[in-house]
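Below is run_4.txt, which holds compact mmCIF, C-alpha atoms.
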# COMPACT_ATOMS: atom_id res chain seq x y z
CA PHE A 1 0.00 0.00 0.00
CA PRO A 2 1.26 3.54 -0.70
CA LEU A 3 2.40 5.48 2.33
CA THR A 4 0.28 8.57 3.05
CA LEU A 5 2.00 11.26 5.10
CA GLY A 6 0.00 13.58 7.33
CA PRO A 7 0.67 17.33 7.68
CA THR A 8 3.07 16.86 10.60
CA ALA A 9 5.20 14.32 8.75
CA MET A 10 5.16 16.39 5.57
CA ARG A 11 6.25 19.48 7.50
CA SER A 12 9.25 17.66 8.95
CA LEU A 13 10.48 16.92 5.41
CA ARG A 14 10.16 20.47 4.12
CA ARG A 15 12.74 23.22 4.02
CA CYS A 16 9.95 25.71 4.81
CA ARG A 17 7.69 25.03 7.76
CA ALA A 18 6.25 28.47 8.56
CA VAL A 19 4.92 31.50 6.67
CA ILE A 20 4.70 35.03 8.08
CA PHE A 21 2.44 37.45 6.22
CA ASP A 22 2.45 41.22 6.32
CA LEU A 23 -1.08 42.63 6.72
CA ASP A 24 -1.51 45.99 4.97
CA ASP A 25 -1.44 45.85 1.16
CA THR A 26 -0.42 42.21 1.37
CA LEU A 27 -3.31 40.24 2.86
CA VAL A 28 -5.74 43.17 2.68
CA PRO A 29 -5.76 45.98 0.05
CA THR A 30 -5.50 48.65 2.72
CA SER A 31 -4.61 51.58 0.46
CA LYS A 32 -7.51 50.90 -1.89
CA ILE A 33 -9.88 50.67 1.09
CA ASP A 34 -8.49 53.85 2.63
CA ARG A 35 -8.81 55.84 -0.58
CA ALA A 36 -12.44 54.85 -1.00
CA ALA A 37 -13.17 55.68 2.65
CA ILE A 38 -11.45 59.07 2.35
CA GLN A 39 -13.51 59.92 -0.72
CA HIS A 40 -16.68 58.84 1.09
CA ALA A 41 -15.92 61.01 4.13
CA ALA A 42 -14.90 64.00 2.01
CA ALA A 43 -18.14 63.82 0.04
CA LEU A 44 -20.14 63.91 3.28
CA SER A 45 -18.26 66.73 4.95
CA SER A 46 -16.63 69.00 2.38
CA GLY A 47 -19.33 71.70 2.26
CA ASP A 48 -18.49 74.25 -0.44
CA GLU A 49 -15.11 72.67 -1.18
CA LEU A 50 -14.74 70.10 -3.93
CA PRO A 51 -14.65 66.66 -2.26
CA ALA A 52 -11.71 65.61 -4.43
CA VAL A 53 -9.68 68.58 -3.17
CA VAL A 54 -10.44 67.77 0.47
CA ALA A 55 -9.69 64.08 -0.08
CA ALA A 56 -6.33 64.90 -1.69
CA ARG A 57 -5.40 67.23 1.19
CA PHE A 58 -6.28 64.64 3.81
CA SER A 59 -4.38 61.89 1.97
CA GLU A 60 -1.23 64.03 1.90
CA LEU A 61 -1.59 64.97 5.57
CA LEU A 62 -2.16 61.35 6.58
CA LYS A 63 0.93 60.23 4.70
CA ALA A 64 3.10 63.02 6.13
CA GLU A 65 1.79 63.09 9.71
CA PRO A 66 -0.09 59.88 10.51
CA PHE A 67 0.49 59.96 14.27
CA PRO A 68 0.59 62.69 16.92
CA PRO A 69 4.03 64.07 17.71
CA GLU A 70 5.55 63.47 21.12
CA PRO A 71 4.65 64.94 23.50
CA SER A 72 1.31 66.22 22.22
CA GLY A 73 -1.10 64.63 24.67
CA LEU A 74 -3.33 63.61 21.76
CA ASP A 75 -4.48 60.11 20.96
CA VAL A 76 -4.66 58.88 17.37
CA PRO A 77 -8.39 59.60 16.84
CA ALA A 78 -8.01 63.18 18.11
CA TRP A 79 -4.92 63.74 15.95
CA ARG A 80 -6.54 62.38 12.82
CA THR A 81 -9.69 64.39 13.46
CA GLY A 82 -7.34 67.38 13.47
CA LEU A 83 -5.98 66.27 10.10
CA TRP A 84 -9.53 66.33 8.76
CA GLU A 85 -9.95 69.83 10.19
CA ARG A 86 -6.88 70.98 8.29
CA ALA A 87 -8.00 69.23 5.10
CA LEU A 88 -11.45 70.82 5.25
CA SER A 89 -10.21 74.31 6.07
CA GLY A 90 -7.02 74.33 4.03
CA SER A 91 -5.25 75.48 7.21
CA SER A 92 -1.60 74.72 7.95
CA SER A 93 -2.15 74.71 11.73
CA ASP A 94 -1.00 71.64 13.63
CA GLY A 95 -4.56 70.47 14.25
CA ARG A 96 -4.48 70.80 18.03
CA ALA A 97 -7.37 73.28 18.20
CA ASP A 98 -10.87 72.03 18.89
CA ALA A 99 -12.21 70.28 15.81
CA SER A 100 -15.34 71.48 14.06
CA PRO A 101 -18.46 69.29 13.78
CA ALA A 102 -17.61 68.76 10.10
CA ALA A 103 -14.14 67.46 10.96
CA ARG A 104 -15.54 65.11 13.60
CA GLN A 105 -18.14 63.87 11.10
CA ALA A 106 -15.44 63.30 8.49
CA TYR A 107 -13.22 61.36 10.89
CA GLU A 108 -16.07 59.15 12.09
CA ALA A 109 -17.27 58.48 8.54
CA TRP A 110 -13.75 57.65 7.34
CA SER A 111 -12.91 55.44 10.31
CA SER A 112 -16.21 53.56 10.15
CA GLU A 113 -16.09 53.06 6.39
CA ARG A 114 -12.48 51.83 6.31
CA LEU A 115 -12.97 49.32 9.13
CA SER A 116 -16.26 48.03 7.72
CA SER A 117 -14.44 47.30 4.45
CA PHE A 118 -11.27 45.87 6.04
CA ARG A 119 -11.79 42.20 5.27
CA PHE A 120 -9.82 39.27 3.93
CA ALA A 121 -11.01 38.32 0.46
CA ASP A 122 -12.53 34.83 0.28
CA GLU A 123 -9.67 33.62 -1.90
CA VAL A 124 -7.12 34.84 0.66
CA ILE A 125 -8.89 32.97 3.47
CA ALA A 126 -9.02 29.85 1.31
CA MET A 127 -5.30 30.11 0.50
CA VAL A 128 -4.32 30.48 4.16
CA ARG A 129 -6.50 27.53 5.15
CA ARG A 130 -4.94 25.37 2.44
CA LEU A 131 -1.49 26.19 3.79
CA GLN A 132 -2.60 25.35 7.31
CA SER A 133 -4.19 22.09 6.17
CA ALA A 134 -0.93 21.20 4.43
CA GLY A 135 0.90 21.61 7.74
CA TYR A 136 2.40 25.08 7.37
CA LYS A 137 2.40 27.27 10.45
CA THR A 138 1.08 30.70 9.52
CA GLY A 139 1.08 34.09 11.21
CA VAL A 140 0.87 37.84 10.69
CA LEU A 141 3.51 40.48 11.41
CA THR A 142 2.36 44.06 10.90
CA ASN A 143 4.00 47.41 11.60
CA GLY A 144 2.06 50.35 12.96
CA HIS A 145 0.50 51.94 16.00
CA ALA A 146 -0.93 49.30 18.31
CA ASP A 147 -4.41 50.86 18.58
CA VAL A 148 -4.73 51.33 14.82
CA GLN A 149 -3.51 47.86 13.91
CA ARG A 150 -5.53 46.08 16.60
CA ALA A 151 -8.70 47.64 15.20
CA LYS A 152 -7.75 46.35 11.75
CA THR A 153 -6.91 42.82 12.87
CA ALA A 154 -10.20 42.67 14.76
CA ALA A 155 -12.13 43.94 11.73
CA CYS A 156 -10.71 41.29 9.39
CA GLY A 157 -10.80 38.44 11.90
CA ALA A 158 -7.05 37.80 11.79
CA GLY A 159 -7.10 36.22 15.23
CA SER A 160 -9.70 33.68 14.16
CA LEU A 161 -7.86 32.76 10.97
CA PHE A 162 -4.30 32.66 12.30
CA GLY A 163 -4.71 32.41 16.09
CA GLU A 164 -4.44 35.48 18.34
CA GLU A 165 -0.97 34.50 19.57
CA ARG A 166 0.28 34.42 15.98
CA VAL A 167 -0.87 37.94 15.09
CA ILE A 168 2.08 40.16 16.00
CA ILE A 169 1.66 43.92 16.03
CA ALA A 170 5.12 45.46 16.03
CA GLY A 171 3.86 48.66 17.67
CA GLU A 172 3.39 46.62 20.85
CA HIS A 173 7.08 45.72 20.91
CA ALA A 174 10.36 47.56 21.25
CA GLU A 175 11.18 47.56 17.54
CA GLN A 176 9.26 47.31 14.29
CA LYS A 177 10.19 45.85 10.90
CA PRO A 178 12.86 45.84 9.47
CA HIS A 179 14.61 45.25 12.83
CA ALA A 180 15.59 41.63 13.32
CA SER A 181 14.20 41.51 16.86
CA ILE A 182 10.56 41.71 15.74
CA PHE A 183 11.08 38.92 13.21
CA ARG A 184 12.43 36.79 16.05
CA VAL A 185 9.26 37.54 18.03
CA ALA A 186 7.09 36.43 15.10
CA CYS A 187 9.16 33.32 14.41
CA ALA A 188 9.02 32.31 18.07
CA ALA A 189 5.23 32.68 18.02
CA LEU A 190 5.18 30.14 15.19
CA GLY A 191 7.49 27.76 17.01
CA GLU A 192 10.40 28.46 14.65
CA PRO A 193 12.64 30.66 16.80
CA ASP A 194 15.69 30.78 14.53
CA GLY A 195 13.72 31.57 11.37
CA SER A 196 15.71 29.15 9.22
CA ALA A 197 12.54 27.41 8.02
CA THR A 198 10.36 30.55 7.80
CA LEU A 199 9.16 32.47 4.75
CA MET A 200 8.31 36.21 4.95
CA VAL A 201 5.67 37.60 2.59
CA GLY A 202 5.06 41.33 2.23
CA ASP A 203 4.70 44.36 -0.04
CA SER A 204 7.44 46.53 1.48
CA TYR A 205 10.96 45.93 0.18
CA ALA A 206 12.54 47.77 3.12
CA ALA A 207 10.41 46.32 5.92
CA ASP A 208 9.53 42.84 4.70
CA VAL A 209 12.20 41.80 2.21
CA ALA A 210 15.34 43.51 3.50
CA GLY A 211 14.11 42.94 7.05
CA GLY A 212 13.53 39.25 6.44
CA ILE A 213 16.92 38.84 4.76
CA ASN A 214 18.73 40.62 7.60
CA ALA A 215 16.88 38.45 10.12
CA SER A 216 18.26 35.36 8.32
CA LEU A 217 14.89 33.94 7.37
CA LEU A 218 14.79 31.06 4.90
CA ALA A 219 13.28 33.10 2.06
CA THR A 220 11.27 36.20 1.19
CA VAL A 221 8.36 36.83 -1.16
CA TRP A 222 7.91 40.40 -2.35
CA VAL A 223 4.32 41.25 -3.30
CA ARG A 224 5.57 44.09 -5.44
CA PRO A 225 3.56 47.32 -5.64
CA PRO A 226 2.49 48.41 -9.14
CA LEU A 227 5.33 49.71 -11.29
CA GLU A 228 3.25 52.36 -13.05
CA PRO A 229 0.20 53.73 -11.21
CA LEU A 230 -2.71 54.34 -13.55
CA GLU A 231 -3.18 57.80 -12.08
CA THR A 232 -1.43 59.83 -9.41
CA GLY A 233 -2.09 58.26 -6.03
CA ALA A 234 -4.45 55.66 -7.46
CA GLN A 235 -2.42 52.56 -6.66
CA GLY A 236 0.41 51.44 -4.42
CA SER A 237 0.73 52.21 -0.73
CA LEU A 238 -1.19 55.25 0.47
CA MET A 239 0.82 55.58 3.67
CA HIS A 240 4.36 54.62 2.78
CA GLY A 241 5.15 55.02 -0.91
CA HIS A 242 6.80 51.60 -1.05
CA LEU A 243 9.48 50.91 -3.66
CA SER A 244 8.46 49.00 -6.77
CA ALA A 245 12.03 48.08 -7.77
CA VAL A 246 14.95 46.65 -5.81
CA PRO A 247 17.38 49.47 -4.95
CA ALA A 248 20.73 49.29 -6.72
CA GLY A 249 23.23 47.17 -4.85
CA GLN A 250 20.65 45.68 -2.50
CA PRO A 251 19.78 41.97 -2.23
CA SER A 252 16.85 40.64 -4.21
CA PRO A 253 13.88 38.82 -2.71
CA THR A 254 13.75 35.08 -3.26
CA PHE A 255 10.54 35.55 -5.22
CA THR A 256 8.74 38.58 -6.66
CA VAL A 257 5.00 38.22 -7.28
CA GLU A 258 2.03 40.40 -8.15
CA SER A 259 -0.39 38.87 -5.65
CA VAL A 260 -0.23 37.14 -2.28
CA LEU A 261 -2.20 34.32 -3.88
CA GLU A 262 1.02 33.26 -5.64
CA VAL A 263 2.63 32.19 -2.36
CA GLU A 264 1.64 28.56 -2.79
CA ALA A 265 3.59 28.35 -6.05
CA CYS A 266 6.61 29.86 -4.28
CA LEU A 267 6.38 27.25 -1.53
CA GLU A 268 6.30 24.46 -4.11
CA LYS A 269 9.60 25.78 -5.51
CA ILE A 270 11.18 26.00 -2.06
CA GLY A 271 10.16 22.47 -1.13

Translate this file's structure into structure tokens.
Amino acid sequence: FPLTLGPTAMRSLRRCRAVIFDLDDTLVPTSKIDRAAIQHAAALSSGDELPAVVAARFSELLKAEPFPPEPSGLDVPAWRTGLWERALSGSSSDGRADASPAARQAYEAWSSERLSSFRFADEVIAMVRRLQSAGYKTGVLTNGHADVQRAKTAACGAGSLFGEERVIIAGEHAEQKPHASIFRVACAALGEPDGSATLMVGDSYAADVAGGINASLLATVWVRPPLEPLETGAQGSLMHGHLSAVPAGQPSPTFTVESVLEVEACLEKIG
């Protein structure tokens, strides 16, 4: 009779036993969701201003100043409400004055809309479950402010899909990607503390690829941002302006793909 190996036995024979996924613009199209939510909030709150103008102002402010400076005494919602105030008024103030009702409405509409849309696509869920069924240990490692990222992971059900202990928010730790220490935290959560059998998958060359290489992980998969946006600001990362080409003289990822759904093919090549 042919010998049938279960997931545990198969995993012991593989070079790769664990997969760490980035969250934003890797598992979830965060920038696309954010842009739609910004346009929605601007349309509700812009008054006499053109919504597109207000949306563009807020997008630039969010990219330049996403979090309150230290020490400001402001939490993230208050700071970002202030960004909406500046976007609506065209003011260059630092946003610490009391926000207008329109700015509060815009913030609430944007925040609600973006979180209600922050979901894993069905095909992403199916891909992760296939990896898990095949014996791969899977987890999430995301940069960002703890409060912001926890709201996102709750909205998309990351804890249910991956296990709460395997969803690592770097903002809750001493260092974020690309520092090697946070990769060690994520690898340890997957039971692979040295990372030598772990694959990192993400859209940021600097954070995910270079970080994974410097942390001595087995391999990296770069979910490369679009090379040529169809229109200014229409594609790619809203918050970070990630590179779409490997910088000269820097190491290349093990694999470069257009979609996270190509990870299974990469794993087949790794063995």

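Going from CA of Ile168 in chain A to CA of Ala121 in chain A covers 20.4 Å.
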
Would you place a box with edges along x, y and z of the file around all atoms of range 244-262 of chain A listed there, add 5 Å to each of its six sides, and report the centre and edge lengths in Å to one decimal, as JSON?
{"center_x": 10.5, "center_y": 41.4, "center_z": -5.2, "size_x": 35.4, "size_y": 26.2, "size_z": 15.9}

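The coordinates place CA of Ile33 in chain A at 17.4 Å from CA of Trp84 in chain A.
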
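Among the candidates A:Leu243, A:Leu50, A:Ala18, A:Leu83, the residue lying nearest to Ala206 in chain A is A:Leu243 (atoms considered: only C-alpha atoms).
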
If you count all atoms listed in the file, which residues fall within 10 Å of Glu65 in chain A, apart from same-chain ones fewer than 3 positions away, as a compact mmCIF listing (two decimals) with C-alpha atoms, in the coordinates of the input?
# COMPACT_ATOMS: atom_id res chain seq x y z
CA SER A 59 -4.38 61.89 1.97
CA GLU A 60 -1.23 64.03 1.90
CA LEU A 61 -1.59 64.97 5.57
CA LEU A 62 -2.16 61.35 6.58
CA PRO A 68 0.59 62.69 16.92
CA PRO A 69 4.03 64.07 17.71
CA TRP A 79 -4.92 63.74 15.95
CA ARG A 80 -6.54 62.38 12.82
CA LEU A 83 -5.98 66.27 10.10
CA ASP A 94 -1.00 71.64 13.63
CA MET A 239 0.82 55.58 3.67
